[in-house]
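Data first, discussion second: the structure below is written as structure tokens.
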Amino acid sequence: MAPQLRCAWGRHRNELGWVDEDDEKTKEIVIDAKAALAELIAMTLFVTFGCGTACGNGASDGPTRLLVAFAFGMGILVLAYAIGHHSGGQINCAVTFSLVLAGRVTWYQGLVNVLMQLIGSVLGALVLCLVFPCAADMTGTLGTNAVSPQFGAK
């Protein structure tokens, strides 16, 4: 008998955020919709707050770079604690992929989580496009990472 696909709103998790149940025993493919939605919301907020701090302050000197780094660090900390009990607090496609490879997240839940994280990052970018028109973006470019003009051959 082929495994049956089922969508559930939340699954029981232990204190580390891992699902306690074993899908191998039930022969069901259970997608946790609550975890997927939590990843979507967390990634949307992470991109909005972190990149929004960069757009609003730039990254031209040491203090503003520190501010942007602090915003990203605190953003991931707060969001991981806020959604950790719903999805494990992955908020990163690389983290999700590594958890799938380690066997802590099933491949089908990992695929759904990655899709939600990608959609969430695009939604966060769209929010920033509405809040910061190109003229108001203090980063000055699409991305803020750049090689210094003083670096390289002259």
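We name chains A, B, ... following the order of the structure tokens; residues begin at 1 in each chain, and ligands are numbered from 1 as shown.
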_Neighbour list for stretch 93-100 of chain A as a VMD selection string, cut-off 9 Å, only C-alpha atoms, skip fewer than 6 positions in-chain_ = chain A and resid 106 to 107 109 to 111 113 to 115 117 to 118
Can you spit out the residues from that selection as a PDB file, in the first residue's frame, using N, CA, C and O atoms?
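Output below, filename selection-v3.pdb:
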ATOM      1  N   THR A 106      11.753  15.229   7.913  1.00  0.00           N
ATOM      2  CA  THR A 106      11.482  14.370   6.761  1.00  0.00           C
ATOM      3  C   THR A 106      11.684  15.157   5.466  1.00  0.00           C
ATOM      4  O   THR A 106      11.564  16.389   5.451  1.00  0.00           O
ATOM      5  N   TRP A 107      11.973  14.462   4.384  1.00  0.00           N
ATOM      6  CA  TRP A 107      12.259  15.145   3.128  1.00  0.00           C
ATOM      7  C   TRP A 107      11.058  15.936   2.630  1.00  0.00           C
ATOM      8  O   TRP A 107      11.211  17.031   2.083  1.00  0.00           O
ATOM      9  N   GLN A 109       8.573  17.287   4.508  1.00  0.00           N
ATOM     10  CA  GLN A 109       8.387  18.479   5.340  1.00  0.00           C
ATOM     11  C   GLN A 109       9.486  19.491   5.051  1.00  0.00           C
ATOM     12  O   GLN A 109       9.245  20.692   5.004  1.00  0.00           O
ATOM     13  N   GLY A 110      10.687  19.009   4.818  1.00  0.00           N
ATOM     14  CA  GLY A 110      11.790  19.898   4.466  1.00  0.00           C
ATOM     15  C   GLY A 110      11.539  20.637   3.163  1.00  0.00           C
ATOM     16  O   GLY A 110      11.815  21.831   3.048  1.00  0.00           O
ATOM     17  N   LEU A 111      11.000  19.934   2.178  1.00  0.00           N
ATOM     18  CA  LEU A 111      10.693  20.559   0.894  1.00  0.00           C
ATOM     19  C   LEU A 111       9.639  21.654   1.056  1.00  0.00           C
ATOM     20  O   LEU A 111       9.792  22.761   0.516  1.00  0.00           O
ATOM     21  N   ASN A 113       8.948  23.286   3.842  1.00  0.00           N
ATOM     22  CA  ASN A 113       9.542  24.376   4.627  1.00  0.00           C
ATOM     23  C   ASN A 113      10.431  25.261   3.763  1.00  0.00           C
ATOM     24  O   ASN A 113      10.399  26.490   3.877  1.00  0.00           O
ATOM     25  N   VAL A 114      11.251  24.650   2.885  1.00  0.00           N
ATOM     26  CA  VAL A 114      12.110  25.439   2.006  1.00  0.00           C
ATOM     27  C   VAL A 114      11.271  26.301   1.068  1.00  0.00           C
ATOM     28  O   VAL A 114      11.577  27.480   0.860  1.00  0.00           O
ATOM     29  N   LEU A 115      10.217  25.736   0.507  1.00  0.00           N
ATOM     30  CA  LEU A 115       9.342  26.524  -0.361  1.00  0.00           C
ATOM     31  C   LEU A 115       8.723  27.702   0.395  1.00  0.00           C
ATOM     32  O   LEU A 115       8.653  28.824  -0.117  1.00  0.00           O
ATOM     33  N   GLN A 117       9.980  29.167   3.051  1.00  0.00           N
ATOM     34  CA  GLN A 117      11.047  30.122   3.356  1.00  0.00           C
ATOM     35  C   GLN A 117      11.369  30.983   2.135  1.00  0.00           C
ATOM     36  O   GLN A 117      11.583  32.192   2.265  1.00  0.00           O
ATOM     37  N   LEU A 118      11.388  30.376   0.955  1.00  0.00           N
ATOM     38  CA  LEU A 118      11.653  31.143  -0.263  1.00  0.00           C
ATOM     39  C   LEU A 118      10.525  32.133  -0.547  1.00  0.00           C
ATOM     40  O   LEU A 118      10.781  33.301  -0.890  1.00  0.00           O
TER      41      LEU A 118
END
*asked:* What's around A:Lys34 at 7 Å? Count only C-alpha atoms, leave out sequence neighbours fewer than 6 positions away in its own chain, and write the answer as a ChimeraX atom specification.
replied: /A:9-10,86
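For A:Leu45, the set of protein, DNA and RNA residues having any atom at most 10 Å away, when counting only C-alpha atoms and skipping those fewer than 5 positions along the same chain, is Glu39, Leu40, Gly50, Cys51, Gly52, Gly75, Ile76, Leu79, Gly120, Ser121, Leu123, Gly124, Ala125 and Val127 of chain A.
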For the residues in the current selection, export C-alpha atoms as a PDB file, in the first residue's frame.
ATOM      1  CA  GLU A  39       8.560  29.352   8.531  1.00  0.00           C
ATOM      2  CA  LEU A  40       6.853  31.631   5.986  1.00  0.00           C
ATOM      3  CA  GLY A  50      17.193  42.743   8.800  1.00  0.00           C
ATOM      4  CA  CYS A  51      17.260  44.133   5.282  1.00  0.00           C
ATOM      5  CA  GLY A  52      14.967  46.982   6.353  1.00  0.00           C
ATOM      6  CA  GLY A  75      16.055  39.134  14.471  1.00  0.00           C
ATOM      7  CA  ILE A  76      17.088  35.507  14.087  1.00  0.00           C
ATOM      8  CA  LEU A  79      12.191  34.644  15.584  1.00  0.00           C
ATOM      9  CA  GLY A 120       8.604  34.380   2.741  1.00  0.00           C
ATOM     10  CA  SER A 121      11.871  35.961   1.642  1.00  0.00           C
ATOM     11  CA  LEU A 123       7.306  38.621   0.479  1.00  0.00           C
ATOM     12  CA  GLY A 124       9.748  40.373   2.807  1.00  0.00           C
ATOM     13  CA  ALA A 125      11.524  41.894  -0.195  1.00  0.00           C
ATOM     14  CA  VAL A 127       7.362  44.745   1.726  1.00  0.00           C
TER      15      VAL A 127
END
*Would you work out the distance separating atom CA of A:Arg65 from atom CA of A:Tyr81, expressed in Å to one decimal?*
24.4 Å
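Atom CA of A:Thr48 lies 24.6 Å from atom CA of A:Asp32.
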*asked:* Among stretch 29-63 of chain A, which residues does DSSP mark as strand (DSSP E or B) when it is run on the backbone? Keep the chain and numbering as in the structure and answer as a ChimeraX atom specification.
replied: /A:29-32
*Just list the residues in stretch 67-148 of chain A DSSP gives helix (DSSP H, G or I) on the backbone, as a VMD selection string.*
chain A and resid 67 to 87 93 to 102 107 to 131
Save the residues we just selected, C-alpha atoms, as a PDB file, in the first residue's frame?
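Saved to out-v3.pdb:
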ATOM      1  CA  LEU A  67      23.764  48.100  13.641  1.00  0.00           C
ATOM      2  CA  VAL A  68      22.785  45.987  10.620  1.00  0.00           C
ATOM      3  CA  ALA A  69      24.631  42.944  11.973  1.00  0.00           C
ATOM      4  CA  PHE A  70      22.939  43.407  15.362  1.00  0.00           C
ATOM      5  CA  ALA A  71      19.519  43.684  13.694  1.00  0.00           C
ATOM      6  CA  PHE A  72      20.065  40.418  11.814  1.00  0.00           C
ATOM      7  CA  GLY A  73      21.405  38.672  14.924  1.00  0.00           C
ATOM      8  CA  MET A  74      18.605  39.802  17.200  1.00  0.00           C
ATOM      9  CA  GLY A  75      16.055  39.134  14.471  1.00  0.00           C
ATOM     10  CA  ILE A  76      17.088  35.507  14.087  1.00  0.00           C
ATOM     11  CA  LEU A  77      17.262  35.066  17.873  1.00  0.00           C
ATOM     12  CA  VAL A  78      13.781  36.441  18.531  1.00  0.00           C
ATOM     13  CA  LEU A  79      12.191  34.644  15.584  1.00  0.00           C
ATOM     14  CA  ALA A  80      13.806  31.300  16.420  1.00  0.00           C
ATOM     15  CA  TYR A  81      12.450  31.531  19.955  1.00  0.00           C
ATOM     16  CA  ALA A  82       9.048  32.673  18.689  1.00  0.00           C
ATOM     17  CA  ILE A  83       8.498  29.873  16.163  1.00  0.00           C
ATOM     18  CA  GLY A  84      10.802  27.182  17.512  1.00  0.00           C
ATOM     19  CA  HIS A  85       7.999  25.261  19.187  1.00  0.00           C
ATOM     20  CA  HIS A  86       5.963  25.325  15.947  1.00  0.00           C
ATOM     21  CA  SER A  87       8.561  24.328  13.361  1.00  0.00           C
ATOM     22  CA  CYS A  93      17.038  26.962   3.709  1.00  0.00           C
ATOM     23  CA  ALA A  94      20.556  25.703   4.487  1.00  0.00           C
ATOM     24  CA  VAL A  95      19.544  24.788   8.038  1.00  0.00           C
ATOM     25  CA  THR A  96      16.453  22.993   6.746  1.00  0.00           C
ATOM     26  CA  PHE A  97      18.518  21.113   4.157  1.00  0.00           C
ATOM     27  CA  SER A  98      21.057  20.017   6.772  1.00  0.00           C
ATOM     28  CA  LEU A  99      18.272  18.820   9.088  1.00  0.00           C
ATOM     29  CA  VAL A 100      16.806  16.790   6.223  1.00  0.00           C
ATOM     30  CA  LEU A 101      20.226  15.247   5.527  1.00  0.00           C
ATOM     31  CA  ALA A 102      20.646  14.455   9.233  1.00  0.00           C
ATOM     32  CA  TRP A 107      12.259  15.145   3.128  1.00  0.00           C
ATOM     33  CA  TYR A 108       8.671  16.130   2.341  1.00  0.00           C
ATOM     34  CA  GLN A 109       8.387  18.479   5.340  1.00  0.00           C
ATOM     35  CA  GLY A 110      11.790  19.898   4.466  1.00  0.00           C
ATOM     36  CA  LEU A 111      10.693  20.559   0.894  1.00  0.00           C
ATOM     37  CA  VAL A 112       7.547  22.361   2.057  1.00  0.00           C
ATOM     38  CA  ASN A 113       9.542  24.376   4.627  1.00  0.00           C
ATOM     39  CA  VAL A 114      12.110  25.439   2.006  1.00  0.00           C
ATOM     40  CA  LEU A 115       9.342  26.524  -0.361  1.00  0.00           C
ATOM     41  CA  MET A 116       7.695  28.554   2.430  1.00  0.00           C
ATOM     42  CA  GLN A 117      11.047  30.122   3.356  1.00  0.00           C
ATOM     43  CA  LEU A 118      11.653  31.143  -0.263  1.00  0.00           C
ATOM     44  CA  ILE A 119       8.155  32.596  -0.597  1.00  0.00           C
ATOM     45  CA  GLY A 120       8.604  34.380   2.741  1.00  0.00           C
ATOM     46  CA  SER A 121      11.871  35.961   1.642  1.00  0.00           C
ATOM     47  CA  VAL A 122      10.232  37.250  -1.550  1.00  0.00           C
ATOM     48  CA  LEU A 123       7.306  38.621   0.479  1.00  0.00           C
ATOM     49  CA  GLY A 124       9.748  40.373   2.807  1.00  0.00           C
ATOM     50  CA  ALA A 125      11.524  41.894  -0.195  1.00  0.00           C
ATOM     51  CA  LEU A 126       8.184  43.071  -1.595  1.00  0.00           C
ATOM     52  CA  VAL A 127       7.362  44.745   1.726  1.00  0.00           C
ATOM     53  CA  LEU A 128      10.708  46.539   1.566  1.00  0.00           C
ATOM     54  CA  CYS A 129      10.046  47.650  -2.015  1.00  0.00           C
ATOM     55  CA  LEU A 130       6.862  49.306  -0.786  1.00  0.00           C
ATOM     56  CA  VAL A 131       8.458  50.875   2.297  1.00  0.00           C
TER      57      VAL A 131
END
*Within 8 Å of A:Asn57, counting only C-alpha atoms, which residues show up once you throw out same-chain ones fewer than 6 positions away? Write them as a VMD selection string, please.*
chain A and resid 64 68 138 to 139
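Taking only C-alpha atoms into account, A:Ile31 lies nearest to A:Val105 out of the set A:Val105, A:Met43, A:Ile91, A:Ala59.
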